[in-house]
Amino acid sequence: MTHLKPLASGIAFATAALFVSAAHADDQTLDFGVPAWPGITVKTAIAEKLLNPLGYETSTHEIGLQVIYQGIESGDIDAFLGAWLPAQREMFNPRKESGVLIDVANNVDGAQMTLAVPEYLYENGIQSFADLDEHRDQFNGQIHGFGAGSAASEILHDAIDNDTWGLGDWRLVDTSEVGMLSAARDAISREEAIVWVGWTPHWMNLELPMRYLDDPENLFGENNGESDVLTLLRSDYADANPNVVTLFEQFTFTAEEQSWMIQAFGQEERDLSEVAEQWINDHSERIEAMLADVTTTDGDPAWPVIEERFNL
């Protein structure tokens with residue numbers, strides 16, 4: 001059985017914990033923390049569709065990123081499929097060091113986050129962070145971000161404060177993901193200059209003519225913002241459920257696959273269950289590999305159960 005429980009990210013965690021704890025009381029339900037990010041939402045739905053026929057009760061809780069990490073620490077959240085590192089390191093590292101969570105696998109191959117520009121600007125020579133300040137007037141001294149308080153926002157504010165790459169007199173325009181990408185679309189339609197925070201996996205890579213800027217300073221992490229998207233499990237839950245750990249060790253996607261999920265669910269606004277089931281039905285060999293050595297809660301092999309359930 002699955003159900004989505006939306007919670008406003010700004011509410012006190014005590015309220016969130018109270019909301020979650022009823023389902024968590026006997027520790028039988030696998031509780032997923034899910035921020036309002038389409039890619040994580042779809043991946044979590046796929047995980048639930050694999051786990052439920054195997055005998056596992058699951059529940060998803062739509063809550064803010066900080067609340068998810070607090071929930072893992074308090075024991076109210078068991079799993080999170082979107083630990084983007086290094087961007088989330090300030091939340092991740094202390095809890096990893098304390099032993100309250102484990103990172104089971106990098107579930108996206110090819111993830112990256114850094115600044116992006118339209119392809120026509122890149123082809124005209126704006127190819128690096130070092131090129132931005134020379135063309136400040138074209139950009140009106142603005143970098144577009146997707147939300148105050150995000151890891152990207154903090155990185156860019158630090159760069160501005162430290163005048164890294166000459167950005168000291170630039171301004172970060174932090175709106176929302178929708179607002180940022182609407183601004184990018186509008187600028188591209190007029191072939192104007194714009195620079196924004198880009199990342200993959202995301203539908204923007206499929207729909208916008210864009211290129212990522214080089215950054216030898218590695219503001220967004222090594223290798224020009226190369227990132228891992230880690231699957232986190234609460235350590236006590238992982239110790240008690242090695243079969244689930246085995247599944248999540250093998251539960252991985254390419255950046256292109258997750259970009260498709262984000263496009264289908266977040267951009268095209270298709271039904272979540274439909275998107276998740278389409279991915280499963282289109283990738284039977286991958287699903288079989290994900291379920292290698294995984295069993296039902298009764299100890300039977302997992303793959304025949306899922307094969308029959310989805311007619312794979």
# chains A, B, ... in the order shown; residues from 1 in each chain; ligands from 1
call {"tool": "residues_around", "arguments": {"residues": "Phe265 in chain A", "least_positions_apart": "5", "cutoff": "8 Å", "atoms": "only C-alpha atoms", "output": "VMD selection string"}}
result
chain A and resid 38 42 270 to 272 275
call {"tool": "closest_atom_pairs", "arguments": {"of": "range 175-276 of chain A", "to": "range 63-81 of chain A", "cutoff": "7 Å", "atoms": "only C-alpha atoms", "output": "CSV"}}
result
residue,atom,partner,partner_atom,distance
A:Leu230,CA,A:Leu81,CA,6.3
A:Thr231,CA,A:Leu81,CA,4.4
A:Leu232,CA,A:Phe80,CA,5.1
A:Leu233,CA,A:Ala79,CA,4.5
A:Arg234,CA,A:Asp78,CA,4.9
A:Tyr237,CA,A:Asp78,CA,6.4
call {"tool": "write_last_selection", "arguments": {"atoms": "N, CA and C atoms", "output": "PDB file, in the first residue's frame"}}
result
ATOM      1  N   LEU A 230      22.860  10.017  -4.206  1.00  0.00           N
ATOM      2  CA  LEU A 230      22.978   8.833  -3.371  1.00  0.00           C
ATOM      3  C   LEU A 230      21.631   8.354  -2.843  1.00  0.00           C
ATOM      4  N   THR A 231      21.520   7.048  -2.740  1.00  0.00           N
ATOM      5  CA  THR A 231      20.410   6.433  -2.016  1.00  0.00           C
ATOM      6  C   THR A 231      20.818   6.315  -0.553  1.00  0.00           C
ATOM      7  N   LEU A 232      20.049   6.952   0.323  1.00  0.00           N
ATOM      8  CA  LEU A 232      20.329   6.903   1.760  1.00  0.00           C
ATOM      9  C   LEU A 232      19.317   6.003   2.461  1.00  0.00           C
ATOM     10  N   LEU A 233      19.805   5.211   3.392  1.00  0.00           N
ATOM     11  CA  LEU A 233      18.946   4.446   4.276  1.00  0.00           C
ATOM     12  C   LEU A 233      19.318   4.746   5.723  1.00  0.00           C
ATOM     13  N   ARG A 234      18.317   4.814   6.563  1.00  0.00           N
ATOM     14  CA  ARG A 234      18.580   4.937   7.999  1.00  0.00           C
ATOM     15  C   ARG A 234      19.318   3.674   8.433  1.00  0.00           C
ATOM     16  N   TYR A 237      17.428   0.790  10.029  1.00  0.00           N
ATOM     17  CA  TYR A 237      16.545   0.102   9.085  1.00  0.00           C
ATOM     18  C   TYR A 237      17.362  -0.805   8.166  1.00  0.00           C
TER      19      TYR A 237
END
call {"tool": "residues_around", "arguments": {"residues": "range 287-303 of chain A", "least_positions_apart": "6", "cutoff": "8 Å", "atoms": "only C-alpha atoms", "output": "list in words"}}
result
Pro53, Leu54, Gly55, Tyr56, Asn243, Val244, Thr246, Leu247, Phe248, Gln250, Phe251, Thr252 and Ile280 of chain A
call {"tool": "write_last_selection", "arguments": {"atoms": "C-alpha atoms", "output": "short mmCIF file (atom, residue, chain, number, x, y, z; two decimals), in the first residue's frame"}}
result
data_model
loop_
_atom_site.label_atom_id
_atom_site.label_comp_id
_atom_site.auth_asym_id
_atom_site.auth_seq_id
_atom_site.Cartn_x
_atom_site.Cartn_y
_atom_site.Cartn_z
CA PRO A 53 4.39 -6.89 -4.46
CA LEU A 54 7.32 -8.34 -2.52
CA GLY A 55 5.41 -7.84 0.73
CA TYR A 56 6.79 -4.52 1.95
CA ASN A 243 17.13 -7.64 1.49
CA VAL A 244 16.04 -4.03 0.89
CA THR A 246 20.43 -5.49 -1.81
CA LEU A 247 17.65 -4.03 -3.96
CA PHE A 248 18.84 -0.46 -3.50
CA GLN A 250 21.23 -2.30 -7.70
CA PHE A 251 18.57 0.41 -8.10
CA THR A 252 20.35 2.78 -10.52
CA ILE A 280 9.21 -0.59 -15.52
#
call {"tool": "closest_atom_pairs", "arguments": {"of": "range 136-186 of chain A", "to": "range 126-129 of chain A", "cutoff": "12 Å", "atoms": "only C-alpha atoms", "output": "CSV"}}
result
residue,atom,partner,partner_atom,distance
A:Arg136,CA,A:Ile126,CA,11.2
A:Gln138,CA,A:Ile126,CA,11.2
A:Phe139,CA,A:Ile126,CA,11.4
A:Ile143,CA,A:Phe129,CA,11.4
A:Leu156,CA,A:Phe129,CA,11.7
A:Ala159,CA,A:Phe129,CA,11.0
A:Thr164,CA,A:Phe129,CA,9.2
A:Trp165,CA,A:Phe129,CA,6.4
A:Gly166,CA,A:Phe129,CA,9.2
A:Leu167,CA,A:Phe129,CA,9.3
call {"tool": "write_last_selection", "arguments": {"atoms": "N, CA and C atoms", "output": "PDB file, in the first residue's frame"}}
result
ATOM      1  N   ARG A 136      29.544  41.183 -18.584  1.00  0.00           N
ATOM      2  CA  ARG A 136      28.579  41.457 -17.522  1.00  0.00           C
ATOM      3  C   ARG A 136      27.369  42.239 -18.025  1.00  0.00           C
ATOM      4  N   GLN A 138      25.920  42.318 -20.892  1.00  0.00           N
ATOM      5  CA  GLN A 138      24.984  41.482 -21.650  1.00  0.00           C
ATOM      6  C   GLN A 138      24.027  40.742 -20.721  1.00  0.00           C
ATOM      7  N   PHE A 139      24.563  40.315 -19.585  1.00  0.00           N
ATOM      8  CA  PHE A 139      23.776  39.535 -18.627  1.00  0.00           C
ATOM      9  C   PHE A 139      23.077  40.414 -17.585  1.00  0.00           C
ATOM     10  N   ILE A 143      22.695  36.347 -12.350  1.00  0.00           N
ATOM     11  CA  ILE A 143      22.691  34.892 -12.473  1.00  0.00           C
ATOM     12  C   ILE A 143      21.343  34.420 -11.942  1.00  0.00           C
ATOM     13  N   LEU A 156      26.625  30.162  -4.823  1.00  0.00           N
ATOM     14  CA  LEU A 156      26.751  31.384  -5.620  1.00  0.00           C
ATOM     15  C   LEU A 156      26.854  32.626  -4.751  1.00  0.00           C
ATOM     16  N   ALA A 159      30.371  32.814  -3.771  1.00  0.00           N
ATOM     17  CA  ALA A 159      31.202  33.276  -4.884  1.00  0.00           C
ATOM     18  C   ALA A 159      31.096  34.784  -5.044  1.00  0.00           C
ATOM     19  N   THR A 164      34.721  35.724  -6.471  1.00  0.00           N
ATOM     20  CA  THR A 164      35.271  34.654  -7.296  1.00  0.00           C
ATOM     21  C   THR A 164      34.862  34.874  -8.753  1.00  0.00           C
ATOM     22  N   TRP A 165      35.816  34.740  -9.658  1.00  0.00           N
ATOM     23  CA  TRP A 165      35.605  34.969 -11.085  1.00  0.00           C
ATOM     24  C   TRP A 165      35.094  36.379 -11.380  1.00  0.00           C
ATOM     25  N   GLY A 166      35.363  37.345 -10.479  1.00  0.00           N
ATOM     26  CA  GLY A 166      34.912  38.714 -10.703  1.00  0.00           C
ATOM     27  C   GLY A 166      33.417  38.904 -10.526  1.00  0.00           C
ATOM     28  N   LEU A 167      32.761  38.000  -9.791  1.00  0.00           N
ATOM     29  CA  LEU A 167      31.316  38.057  -9.631  1.00  0.00           C
ATOM     30  C   LEU A 167      30.872  38.944  -8.459  1.00  0.00           C
TER      31      LEU A 167
END
call {"tool": "atom_distance", "arguments": {"atom1": "CA of His157 in chain A", "atom2": "CA of Gly198 in chain A"}}
result
16.2 Å
call {"tool": "residues_around", "arguments": {"residues": "range 105-120 of chain A", "least_positions_apart": "2", "cutoff": "7 Å", "atoms": "only C-alpha atoms", "output": "PyMOL selection string"}}
result
chain A and resi 103+122-124+188+194-201+209-213+220+224-231+249+251-255
call {"tool": "write_last_selection", "arguments": {"atoms": "C-alpha atoms", "output": "CSV table (one decimal), in the first residue's frame"}}
result
chain,number,residue,atom,x,y,z
A,103,ASP,CA,24.8,5.7,1.5
A,122,TYR,CA,28.7,29.1,-25.8
A,123,GLU,CA,29.5,29.0,-29.5
A,124,ASN,CA,30.3,32.8,-29.4
A,188,ILE,CA,16.5,31.8,-25.6
A,194,ILE,CA,21.2,34.6,-19.7
A,195,VAL,CA,23.1,32.4,-17.3
A,196,TRP,CA,21.3,30.0,-14.9
A,197,VAL,CA,21.9,27.1,-12.6
A,198,GLY,CA,21.7,24.0,-14.7
A,199,TRP,CA,21.8,20.4,-13.8
A,200,THR,CA,21.3,16.9,-15.2
A,201,PRO,CA,19.2,14.8,-14.9
A,209,PRO,CA,19.6,24.4,-26.4
A,210,MET,CA,22.1,24.8,-23.6
A,211,ARG,CA,25.7,24.2,-22.6
A,212,TYR,CA,27.5,23.9,-19.2
A,213,LEU,CA,30.3,26.4,-18.4
A,220,PHE,CA,30.0,23.3,-7.6
A,224,ASN,CA,33.0,20.9,-13.1
A,225,GLY,CA,30.1,20.0,-10.8
A,226,GLU,CA,30.2,16.3,-11.3
A,227,SER,CA,27.7,14.9,-8.7
A,228,ASP,CA,26.5,11.8,-7.1
A,229,VAL,CA,22.8,11.2,-6.3
A,230,LEU,CA,23.0,8.8,-3.4
A,231,THR,CA,20.4,6.4,-2.0
A,249,GLU,CA,22.5,-1.4,-4.2
A,251,PHE,CA,18.6,0.4,-8.1
A,252,THR,CA,20.4,2.8,-10.5
A,253,PHE,CA,19.5,4.9,-13.5
A,254,THR,CA,21.3,7.0,-16.2
A,255,ALA,CA,21.0,10.8,-16.2
call {"tool": "closest_residue", "arguments": {"among": "A:Ser235, A:Ala130, A:Phe92, A:Gln28", "to": "Asp214 in chain A", "atoms": "only C-alpha atoms"}}
result
A:Ala130
call {"tool": "atom_distance", "arguments": {"atom1": "CA of Thr60 in chain A", "atom2": "CA of Glu48 in chain A"}}
result
9.0 Å
call {"tool": "atom_distance", "arguments": {"atom1": "CA of Ile40 in chain A", "atom2": "CA of Trp84 in chain A"}}
result
10.7 Å
call {"tool": "residues_around", "arguments": {"residues": "Gln278 in chain A", "least_positions_apart": "5", "cutoff": "10 Å", "atoms": "only C-alpha atoms", "output": "compact mmCIF listing (two decimals) with N, CA and C atoms, in the first residue's frame"}}
result
# COMPACT_ATOMS: atom_id res chain seq x y z
N ILE A 46 8.74 4.16 -8.50
CA ILE A 46 9.22 2.90 -9.07
C ILE A 46 9.64 1.95 -7.96
N MET A 261 12.09 10.88 -16.90
CA MET A 261 11.11 10.83 -15.82
C MET A 261 10.65 12.23 -15.43
N LEU A 272 1.61 10.04 -12.11
CA LEU A 272 2.83 9.49 -11.52
C LEU A 272 2.88 7.97 -11.66
N SER A 273 1.80 7.30 -11.33
CA SER A 273 1.79 5.84 -11.41
C SER A 273 2.00 5.37 -12.84
N HIS A 283 11.68 -1.47 -19.40
CA HIS A 283 13.05 -1.83 -19.00
C HIS A 283 13.06 -3.14 -18.21
N PHE A 310 3.76 -7.30 -13.57
CA PHE A 310 3.76 -6.31 -14.65
C PHE A 310 3.72 -6.96 -16.03
call {"tool": "select_by_dssp", "arguments": {"residues": "range 148-293 of chain A", "states": "helix (DSSP H, G or I)", "output": "ChimeraX atom specification"}}
result
/A:151-161,164-169,177-189,204-207,222-225,235-240,242-249,255-267,272-282,284-290
call {"tool": "closest_residue", "arguments": {"among": "A:Trp260, A:His61, A:Asn311, A:Gly266", "to": "Trp37 in chain A", "atoms": "only C-alpha atoms"}}
result
A:Gly266
call {"tool": "residues_around", "arguments": {"residues": "Phe146 in chain A", "least_positions_apart": "3", "cutoff": "6 Å", "atoms": "only C-alpha atoms", "output": "list of chain:residue names"}}
result
A:Asp174, A:Thr175, A:Ser176, A:Glu177, A:Met180
call {"tool": "closest_residue", "arguments": {"among": "A:Glu62, A:Lys96, A:Ala47, A:Ile155", "to": "Pro35 in chain A", "atoms": "only C-alpha atoms"}}
result
A:Glu62
